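A.B. asks: Below is the file structure_35.cif, which contains mmCIF, C-alpha atoms.
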data_model
loop_
_atom_site.label_atom_id
_atom_site.label_comp_id
_atom_site.auth_asym_id
_atom_site.auth_seq_id
_atom_site.Cartn_x
_atom_site.Cartn_y
_atom_site.Cartn_z
CA MET A 8 -69.21 59.71 1.06
CA GLU A 9 -71.96 57.32 2.01
CA ALA A 10 -69.32 54.89 3.24
CA LEU A 11 -67.81 57.55 5.49
CA THR A 12 -71.17 58.20 7.12
CA ARG A 13 -71.54 54.48 7.72
CA ILE A 14 -68.15 54.35 9.43
CA ALA A 15 -69.10 57.34 11.56
CA HIS A 16 -72.30 55.59 12.52
CA ALA A 17 -70.52 52.36 13.32
CA SER A 18 -67.91 53.89 15.61
CA ILE A 19 -69.59 56.91 17.23
CA ARG A 20 -73.35 57.11 17.19
CA VAL A 21 -75.06 60.49 17.15
CA ALA A 22 -75.32 61.93 20.65
CA ALA A 23 -79.08 62.24 20.50
CA ASP A 24 -79.43 58.47 20.07
CA LEU A 25 -77.66 57.61 23.32
CA THR A 26 -79.34 56.71 26.55
CA PRO A 27 -77.69 58.24 29.67
CA ALA A 28 -76.04 54.93 30.54
CA GLU A 29 -74.54 54.64 27.05
CA ALA A 30 -73.35 58.24 27.14
CA LYS A 31 -71.67 57.53 30.46
CA ALA A 32 -70.01 54.39 29.10
CA ASN A 33 -68.80 56.36 26.07
CA ALA A 34 -67.30 59.09 28.23
CA ALA A 35 -65.70 56.49 30.51
CA ALA A 36 -64.12 54.72 27.54
CA GLN A 37 -62.67 57.96 26.13
CA MET A 38 -61.42 59.11 29.53
CA ALA A 39 -59.89 55.68 30.11
CA GLY A 40 -57.69 56.11 27.06
CA LEU A 41 -56.77 59.62 28.14
CA ALA A 42 -55.99 58.47 31.68
CA TYR A 43 -53.59 55.78 30.55
CA GLY A 44 -51.95 58.10 28.02
CA LEU A 45 -51.31 60.75 30.65
CA ALA A 46 -50.07 58.19 33.17
CA ALA A 47 -47.54 56.84 30.66
CA ILE A 48 -45.78 60.17 29.94
CA GLY A 49 -43.88 60.62 33.20
CA PRO A 50 -42.75 57.01 33.69
CA GLY A 51 -41.73 56.87 30.02
CA ILE A 52 -39.34 59.78 30.47
CA GLY A 53 -38.20 58.42 33.84
CA ILE A 54 -37.42 54.91 32.62
CA GLY A 55 -35.56 56.36 29.64
CA MET A 56 -33.39 58.43 31.96
CA ILE A 57 -32.72 55.48 34.28
CA PHE A 58 -31.62 53.19 31.46
CA GLY A 59 -29.54 55.92 29.84
CA LYS A 60 -27.69 56.72 33.04
CA ALA A 61 -27.22 53.03 33.82
CA ILE A 62 -25.69 52.40 30.40
CA GLU A 63 -23.43 55.42 30.90
CA ALA A 64 -22.31 54.07 34.29
CA MET A 65 -21.70 50.57 32.91
CA ALA A 66 -19.67 51.97 30.01
CA ARG A 67 -17.52 54.03 32.35
CA GLN A 68 -16.97 51.24 34.87
CA PRO A 69 -17.68 47.81 33.37
CA GLU A 70 -16.60 46.07 36.60
CA SER A 71 -19.54 47.62 38.47
CA ALA A 72 -22.04 46.39 35.88
CA GLY A 73 -23.69 43.82 38.19
CA MET A 74 -24.44 46.30 40.95
CA VAL A 75 -25.63 48.94 38.48
CA ARG A 76 -27.95 46.45 36.82
CA THR A 77 -29.66 45.47 40.09
CA THR A 78 -30.07 49.10 41.12
CA MET A 79 -31.34 49.94 37.64
CA PHE A 80 -34.09 47.32 37.85
CA LEU A 81 -35.02 48.65 41.27
CA GLY A 82 -35.38 52.16 39.89
CA VAL A 83 -37.32 50.91 36.89
CA ALA A 84 -39.66 48.98 39.19
CA PHE A 85 -40.43 52.09 41.26
CA THR A 86 -40.93 54.32 38.22
CA GLU A 87 -42.97 51.79 36.31
CA ALA A 88 -45.43 51.47 39.21
CA LEU A 89 -46.92 54.86 38.31
CA ALA A 90 -47.66 53.78 34.76
CA LEU A 91 -49.13 50.53 36.02
CA ILE A 92 -51.45 52.36 38.42
CA GLY A 93 -52.57 54.33 35.35
CA PHE A 94 -53.21 51.03 33.59
CA VAL A 95 -55.30 49.81 36.52
CA ALA A 96 -57.26 53.08 36.40
CA PHE A 97 -57.82 52.38 32.69
CA ILE A 98 -59.15 48.90 33.42
CA LEU A 99 -61.42 50.20 36.17
CA LEU A 100 -62.80 53.01 34.00
CA LYS A 101 -63.30 50.82 30.97
CA PHE A 102 -64.70 47.66 32.47
CA ALA A 103 -65.88 48.25 36.01
CA MET B 3 -64.93 51.03 -2.25
CA PHE B 4 -62.14 50.41 0.23
CA LEU B 5 -63.91 52.45 2.90
CA ASN B 6 -66.91 50.18 2.51
CA HIS B 7 -64.77 47.23 3.52
CA ILE B 8 -63.43 49.04 6.57
CA ALA B 9 -67.00 49.79 7.58
CA VAL B 10 -67.70 46.08 7.30
CA ILE B 11 -64.67 45.19 9.44
CA LEU B 12 -65.69 47.69 12.10
CA GLY B 13 -68.83 45.66 12.66
CA GLU B 14 -71.44 48.27 11.96
CA GLY B 15 -73.86 46.99 14.54
CA SER B 16 -74.15 43.55 13.00
CA GLY B 17 -72.72 40.62 14.92
CA ARG B 18 -69.79 40.32 12.52
CA GLY B 19 -66.31 41.70 12.70
CA PHE B 20 -64.06 42.62 15.59
CA SER B 21 -65.45 43.34 19.01
CA PHE B 22 -63.62 42.97 22.28
CA PRO B 23 -65.43 40.59 24.66
CA PRO B 24 -66.43 41.77 28.15
CA ILE B 25 -63.52 41.40 30.55
CA ASN B 26 -65.19 38.70 32.64
CA THR B 27 -65.16 36.23 29.77
CA ILE B 28 -61.37 36.60 29.62
CA LEU B 29 -60.55 36.59 33.31
CA ARG B 30 -63.33 34.87 35.23
CA TRP B 31 -63.45 31.10 35.04
CA ARG B 32 -66.23 28.74 35.95
CA ASP B 33 -65.76 26.73 39.13
CA VAL B 34 -64.68 23.17 38.45
CA VAL B 35 -65.42 22.20 42.04
CA PRO B 36 -67.12 24.88 44.20
CA GLY B 37 -64.41 27.37 45.14
CA ILE B 38 -61.81 25.92 42.77
CA ASN B 39 -61.43 27.35 39.27
CA LYS B 40 -58.67 27.42 36.67
CA VAL B 41 -56.63 30.11 38.43
CA VAL B 42 -56.68 28.21 41.72
CA ILE B 43 -55.64 25.00 39.95
CA ILE B 44 -52.73 26.81 38.26
CA ALA B 45 -51.58 28.31 41.58
CA ILE B 46 -51.76 24.94 43.37
CA LEU B 47 -49.99 23.16 40.51
CA SER B 48 -47.16 25.67 40.43
CA ALA B 49 -46.64 25.26 44.17
CA VAL B 50 -46.62 21.45 43.79
CA ILE B 51 -44.31 21.48 40.76
CA GLY B 52 -41.87 23.89 42.41
CA THR B 53 -41.75 21.84 45.60
CA ALA B 54 -41.40 18.57 43.69
CA LEU B 55 -38.50 19.91 41.60
CA PHE B 56 -36.48 20.87 44.67
CA LEU B 57 -37.39 17.72 46.63
CA VAL B 58 -36.28 15.49 43.75
CA ALA B 59 -33.09 17.52 43.36
CA ALA B 60 -32.35 17.36 47.10
CA MET B 61 -32.65 13.57 47.19
CA LYS B 62 -29.84 13.05 44.68
CA ASP B 63 -26.31 12.26 45.75
CA ALA B 64 -24.58 15.55 46.50
CA ARG B 65 -21.07 14.16 45.95
CA LYS B 66 -21.58 13.34 42.27
CA ALA B 67 -21.41 15.98 39.55
CA PRO B 68 -24.89 17.57 39.32
CA LYS B 69 -27.06 16.81 36.32
CA GLY B 70 -30.71 16.97 35.35
CA SER B 71 -33.05 18.39 37.98
CA ARG B 72 -30.26 18.94 40.50
CA ASN B 73 -28.36 21.00 37.95
CA LEU B 74 -31.43 23.18 37.38
CA ALA B 75 -32.08 23.57 41.10
CA GLU B 76 -28.44 24.56 41.73
CA ILE B 77 -28.57 27.16 38.96
CA ILE B 78 -31.68 28.73 40.51
CA VAL B 79 -30.26 28.71 44.04
CA GLU B 80 -27.01 30.22 42.80
CA PHE B 81 -28.93 32.90 40.92
CA ILE B 82 -30.85 33.84 44.07
CA GLU B 83 -27.71 33.91 46.22
CA LYS B 84 -25.42 35.71 43.79
CA ASN B 85 -27.70 38.10 41.89
CA ILE B 86 -30.32 38.89 44.49
CA ILE B 87 -29.03 38.45 48.03
CA MET B 88 -25.38 39.46 47.54
CA GLU B 89 -26.39 42.55 45.56
CA THR B 90 -28.98 43.75 48.04
CA MET B 91 -28.37 42.36 51.55
CA GLY B 92 -24.78 41.22 51.49
CA LYS B 93 -23.34 38.07 53.07
CA ASP B 94 -25.40 38.04 56.27
CA GLY B 95 -28.62 37.88 54.26
CA MET B 96 -27.87 34.30 53.16
CA GLY B 97 -30.30 32.95 55.76
CA TRP B 98 -33.10 34.36 53.65
CA THR B 99 -32.29 32.12 50.66
CA PRO B 100 -35.11 29.56 51.29
CA PHE B 101 -37.77 32.25 51.64
CA LEU B 102 -36.70 34.22 48.57
CA LEU B 103 -36.16 31.04 46.54
CA THR B 104 -39.69 29.80 47.31
CA MET B 105 -41.11 33.19 46.45
CA PHE B 106 -39.21 33.47 43.16
CA VAL B 107 -40.03 29.94 41.97
CA PHE B 108 -43.69 30.23 42.92
CA ILE B 109 -44.22 33.59 41.19
CA TYR B 110 -42.32 32.48 38.09
CA LEU B 111 -44.32 29.27 37.80
CA CYS B 112 -47.55 31.23 38.34
CA ASN B 113 -46.59 33.69 35.58
CA LEU B 114 -45.49 31.09 33.08
CA PRO B 115 -48.91 29.55 32.21
CA GLY B 116 -49.73 32.88 30.58
CA ILE B 117 -47.85 31.74 27.48
CA ILE B 118 -48.25 27.96 27.61
CA PRO B 119 -50.65 27.03 24.76
CA PHE B 120 -54.13 25.82 25.78
CA ILE B 121 -53.64 27.07 29.36
CA GLN B 122 -52.79 30.72 28.67
CA MET B 123 -53.82 32.22 31.95
CA PRO B 124 -51.23 33.58 34.38
CA ALA B 125 -52.45 32.92 37.93
CA THR B 126 -50.95 36.28 38.94
CA ALA B 127 -53.31 38.12 36.56
CA ARG B 128 -55.99 37.88 39.23
CA MET B 129 -55.41 40.15 42.20
CA GLY B 130 -55.66 37.34 44.78
CA VAL B 131 -52.20 35.80 44.39
CA PRO B 132 -50.16 39.08 44.17
CA ALA B 133 -52.15 40.66 47.01
CA PHE B 134 -51.50 37.71 49.28
CA MET B 135 -47.78 37.63 48.40
CA ALA B 136 -47.48 41.37 49.08
CA LEU B 137 -49.24 41.01 52.45
CA LEU B 138 -46.87 38.17 53.32
CA VAL B 139 -43.86 40.33 52.44
CA TRP B 140 -45.32 43.24 54.46
CA VAL B 141 -45.69 41.05 57.55
CA VAL B 142 -42.23 39.51 57.09
CA PHE B 143 -40.25 42.74 56.67
CA ASN B 144 -42.04 44.51 59.51
CA ALA B 145 -41.55 41.52 61.81
CA THR B 146 -37.85 41.37 60.85
CA GLY B 147 -37.44 45.04 61.65
CA ILE B 148 -39.15 44.69 65.02
CA LYS B 149 -37.10 41.58 65.83
CA HIS B 150 -33.75 43.21 64.98
CA GLN B 151 -34.30 46.77 66.25
CA GLY B 152 -37.09 46.35 68.80
CA LEU B 153 -40.58 47.74 68.41
CA PHE B 154 -39.61 51.26 69.44
CA GLY B 155 -36.32 51.35 67.57
CA TYR B 156 -37.80 50.09 64.31
CA PHE B 157 -40.60 52.63 64.18
CA LYS B 158 -38.22 55.37 65.29
CA ASN B 159 -35.95 54.54 62.35
CA VAL B 160 -38.84 54.31 59.91
CA LEU B 161 -40.72 57.43 60.99
CA PHE B 162 -37.79 59.65 62.03
CA PRO B 163 -34.94 58.80 59.66
CA PRO B 164 -31.64 60.00 61.18
CA GLY B 165 -29.73 62.82 59.51
CA VAL B 166 -32.79 64.91 58.73
CA PRO B 167 -33.06 68.44 60.22
CA LYS B 168 -35.54 68.46 63.12
CA ALA B 169 -37.94 70.93 61.51
CA LEU B 170 -38.36 68.74 58.43
CA TYR B 171 -39.87 65.89 60.44
CA ILE B 172 -43.30 67.55 60.04
CA LEU B 173 -42.95 66.84 56.33
CA VAL B 174 -40.89 63.65 56.36
CA THR B 175 -42.72 61.58 58.98
CA PRO B 176 -46.14 61.37 57.25
CA ILE B 177 -44.45 60.65 53.92
CA GLU B 178 -42.32 57.88 55.42
CA LEU B 179 -45.31 56.42 57.26
CA ILE B 180 -47.39 56.18 54.10
CA SER B 181 -44.57 55.08 51.80
CA THR B 182 -43.31 52.32 54.09
CA LEU B 183 -46.51 50.91 55.50
CA VAL B 184 -49.04 51.53 52.72
CA VAL B 185 -47.38 52.18 49.37
CA ARG B 186 -44.82 49.36 49.60
CA PRO B 187 -47.25 46.40 49.74
CA PHE B 188 -49.71 48.17 47.43
CA SER B 189 -47.14 48.83 44.71
CA LEU B 190 -45.67 45.32 45.05
CA ALA B 191 -49.07 43.74 44.45
CA VAL B 192 -50.20 46.14 41.74
CA ARG B 193 -46.91 45.90 39.83
CA LEU B 194 -47.07 42.13 39.50
CA PHE B 195 -50.83 42.06 38.86
CA ALA B 196 -50.93 44.86 36.29
CA ASN B 197 -47.93 43.58 34.35
CA MET B 198 -49.38 40.09 33.99
CA LEU B 199 -52.89 41.38 33.24
CA ALA B 200 -51.55 43.77 30.58
CA GLY B 201 -49.61 40.93 28.94
CA HIS B 202 -52.64 38.66 29.03
CA LEU B 203 -54.89 41.33 27.47
CA LEU B 204 -52.32 42.04 24.74
CA LEU B 205 -52.21 38.37 23.78
CA VAL B 206 -56.02 38.21 23.76
CA ILE B 207 -56.32 41.33 21.59
CA PHE B 208 -53.89 40.12 18.95
CA ALA B 209 -55.32 36.60 18.89
CA LEU B 210 -58.82 38.02 18.39
CA LEU B 211 -57.57 40.41 15.71
CA THR B 212 -55.91 37.55 13.83
CA GLN B 213 -59.06 35.48 14.00
CA ALA B 214 -61.27 38.37 12.95
CA LEU B 215 -59.15 39.10 9.89
CA ILE B 216 -58.53 35.54 8.73
CA GLN B 217 -62.00 34.16 9.43
CA ALA B 218 -63.97 37.30 8.51
CA GLN B 219 -67.43 36.24 7.48
CA THR B 220 -67.29 38.69 4.61
CA GLN B 221 -64.64 36.41 3.05
CA LYS B 222 -62.82 39.29 1.42
CA PHE B 223 -59.72 37.63 0.03
CA PHE B 224 -57.42 40.58 0.71
CA LEU B 225 -58.15 40.46 4.45
CA MET B 226 -56.39 37.15 4.94
CA PRO B 227 -52.82 38.28 4.17
CA ILE B 228 -53.34 41.27 6.48
CA GLY B 229 -54.22 38.79 9.21
CA VAL B 230 -50.64 37.54 9.13
CA LEU B 231 -49.43 40.83 10.65
CA PRO B 232 -51.24 40.55 14.01
CA PHE B 233 -50.29 36.87 14.08
CA ALA B 234 -46.58 37.74 13.74
CA LEU B 235 -46.95 40.28 16.53
CA LEU B 236 -48.75 37.64 18.61
CA ILE B 237 -45.77 35.30 18.27
CA PHE B 238 -43.37 38.11 19.15
CA LEU B 239 -45.44 39.12 22.19
CA THR B 240 -45.55 35.52 23.40
CA GLY B 241 -41.75 35.54 23.43
CA PHE B 242 -41.79 38.92 25.14
CA GLU B 243 -44.12 37.56 27.83
CA ILE B 244 -41.53 34.91 28.79
CA LEU B 245 -39.13 37.78 29.51
CA VAL B 246 -41.80 39.70 31.45
CA ALA B 247 -42.71 36.62 33.52
CA PHE B 248 -39.07 36.23 34.55
CA LEU B 249 -38.50 39.96 35.10
CA GLN B 250 -41.55 40.37 37.33
CA ALA B 251 -40.61 37.38 39.49
CA TYR B 252 -37.06 38.81 39.72
CA ILE B 253 -38.21 42.33 40.60
CA PHE B 254 -40.66 41.07 43.21
CA THR B 255 -37.90 39.03 44.85
CA VAL B 256 -35.32 41.84 44.68
CA LEU B 257 -37.73 44.31 46.25
CA THR B 258 -38.53 41.81 49.01
CA ALA B 259 -34.82 41.41 49.64
CA VAL B 260 -34.33 45.20 49.72
CA TYR B 261 -37.18 45.70 52.18
CA ILE B 262 -35.95 42.91 54.46
CA GLY B 263 -32.35 44.16 54.21
CA GLY B 264 -33.47 47.70 55.07
CA ALA B 265 -35.38 46.43 58.10
CA THR B 266 -32.42 44.36 59.34
CA HIS B 267 -29.77 47.05 59.08
CA PRO B 268 -31.10 50.59 59.47
CA GLU B 269 -29.19 53.38 57.78
CA HIS B 270 -27.17 55.37 60.26
#
Using structure tokens, write down the structure that the file contains.
C.D. replies:
Amino acid sequence: MEALTRIAHASIRVAADLTPAEAKANAAAQMAGLAYGLAAIGPGIGIGMIFGKAIEAMARQPESAGMVRTTMFLGVAFTEALALIGFVAFILLKFA
Amino acid sequence: MFLNHIAVILGEGSGRGFSFPPINTILRWRDVVPGINKVVIIAILSAVIGTALFLVAAMKDARKAPKGSRNLAEIIVEFIEKNIIMETMGKDGMGWTPFLLTMFVFIYLCNLPGIIPFIQMPATARMGVPAFMALLVWVVFNATGIKHQGLFGYFKNVLFPPGVPKALYILVTPIELISTLVVRPFSLAVRLFANMLAGHLLLVIFALLTQALIQAQTQKFFLMPIGVLPFALLIFLTGFEILVAFLQAYIFTVLTAVYIGGATHPEH
């Protein structure tokens, strides 16, 4: 039990102990994780769909595989950008 | 008992254990000469190495069977022509081979130091290089469009895409304006930068975790075997970063080719 309290003290200190700047940094760190998590949902689903459809297309028409692959990477690049902007938001919240 | 050890690993306010360093110690390097730091040196070196490779290859006798550096150079040129230009611009885009080749080789060589031991810093993980490349691409594809369709024709095609009902232009024109002139260069730069920065941070995190577990000052013997796990992941991620370095250079070049191709031949 004593060990648990020590862990709690090590990771999150009691709110009363925090100066305003520390409280702000804490909130920013938690929101940073949340921001990246939310930003990853949509692109995750989107990239899954793109790859799935591309594999379907390549299986149906193997001779068009080259064209499908290029277009697939294009689509992935556009979709992935959203997740990466979320990652940049994470970096800015956490470190800036 | 076990929880006590976890509390020790977590640091508990003492200087020991795992703590992530501030981001500037990972990304900001001291100037060797005023204005020139590690990232600048890497960028200059990759430009020099890329140029040297193709100059050496070009000086060899073209009639003999290619080998060595010429073989490598021919593979890269063929890759650009076959997999990037033919797939996106078609045969009349072949004139763009030198530009796209330079871009691809430079970005790839800038990405690669991220996994080379003792260097381990991709030059593209600082915003400067990707931002400049994206601005260059922005200028080039807009200039190509203006050259091929005229100033008025290019902006008419960009802002008022044909085949859209007249009433929808209220909605479509602002979207097209922002997506072509603002979002394109922004997403090009951010994609390259964020991918390389994320890879760099991942490698740093797992290297630090390995060190913290193996060299823990508590010297708990059971921590050392656990330290093998992040080390294995570190090796795997290093291999993965080679793939990412190539993929990002490829995607940047393909998107450049698509933008230039779209500016040369408007959709009717």
A.B. asks: Name all residues at most 9 Å from Val131 (chain B) (count only C-alpha atoms; drop same-chain ones fewer than 3 positions away) and give them as a PyMOL selection string.
C.D. replies: chain B and resi 45+109+112+125-128+134-136+191+195
A.B. asks: Rank B:Thr104, B:Asn85, B:Thr175, B:Thr182 by their smallest atom-to-atom distance to chain A, using only C-alpha atoms, and report the top residue only.
C.D. replies: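 The shortest atom-to-atom distance to chain A comes from B:Asn85.
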A.B. asks: Find the distance between CA of Ala54 (chain B) and CA of Arg72 (chain B) and write it in Å to one decimal.
C.D. replies: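 CA of Arg72 (chain B) lies at a distance of 11.6 Å from CA of Ala54 (chain B).
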A.B. asks: Taking the file as shown, find all residues satisfying the PyMOL selection byres ((chain A and resi 46-53) around 9) and write them as a VMD selection string.
C.D. replies: chain A and resid 41 to 45 54 to 58 83 86 to 94
A.B. asks: Go through A:Leu25, A:Ala84, A:Ala72, A:Ala30 and flag the residue nearest chain B, using all atoms listed in the file for the distances.
C.D. replies: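 Of the candidates, the smallest distance to chain B is held by A:Ala84.
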A.B. asks: Give as a PyMOL selection string the residues that the PyMOL selection byres ((chain B and resi 91) around 12) matches when applied to the coordinates above.
C.D. replies: (chain A and resi 74+77) or (chain B and resi 82-90+92-99+256-268)
A.B. asks: Please compute the CA of Ala200 (chain B)-CA of Val41 (chain B) distance, one decimal, in Å.
C.D. replies: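 Answer for the CA of Ala200 (chain B) to CA of Val41 (chain B) separation: 16.6 Å.
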A.B. asks: Copy region 71-84 of chain B out of the block into a file, keeping N, CA and C atoms, as a short mmCIF file (atom, residue, chain, number, x, y, z; two decimals), in the first residue's frame.
C.D. replies:
data_model
loop_
_atom_site.label_atom_id
_atom_site.label_comp_id
_atom_site.auth_asym_id
_atom_site.auth_seq_id
_atom_site.Cartn_x
_atom_site.Cartn_y
_atom_site.Cartn_z
N SER B 71 29.35 2.25 -59.85
CA SER B 71 28.54 3.44 -59.59
C SER B 71 27.59 3.72 -60.75
N ARG B 72 28.02 3.40 -61.99
CA ARG B 72 27.15 3.66 -63.12
C ARG B 72 25.90 2.78 -63.06
N ASN B 73 26.13 1.54 -62.62
CA ASN B 73 25.00 0.61 -62.47
C ASN B 73 23.97 1.18 -61.49
N LEU B 74 24.48 1.65 -60.34
CA LEU B 74 23.60 2.22 -59.32
C LEU B 74 22.85 3.42 -59.87
N ALA B 75 23.59 4.32 -60.54
CA ALA B 75 22.97 5.53 -61.07
C ALA B 75 21.90 5.16 -62.08
N GLU B 76 22.17 4.15 -62.94
CA GLU B 76 21.17 3.77 -63.95
C GLU B 76 19.92 3.20 -63.31
N ILE B 77 20.13 2.42 -62.21
CA ILE B 77 18.96 1.86 -61.52
C ILE B 77 18.08 2.99 -60.98
N ILE B 78 18.73 4.01 -60.39
CA ILE B 78 17.93 5.10 -59.80
C ILE B 78 17.20 5.88 -60.90
N VAL B 79 17.92 6.19 -61.99
CA VAL B 79 17.28 6.95 -63.07
C VAL B 79 16.10 6.16 -63.64
N GLU B 80 16.32 4.84 -63.82
CA GLU B 80 15.26 4.01 -64.37
C GLU B 80 14.05 3.98 -63.44
N PHE B 81 14.34 3.92 -62.14
CA PHE B 81 13.26 3.92 -61.15
C PHE B 81 12.43 5.19 -61.26
N ILE B 82 13.14 6.34 -61.36
CA ILE B 82 12.43 7.62 -61.46
C ILE B 82 11.58 7.64 -62.73
N GLU B 83 12.18 7.21 -63.86
CA GLU B 83 11.46 7.30 -65.13
C GLU B 83 10.27 6.36 -65.19
N LYS B 84 10.51 5.11 -64.74
CA LYS B 84 9.48 4.08 -64.90
C LYS B 84 8.39 4.20 -63.84
#
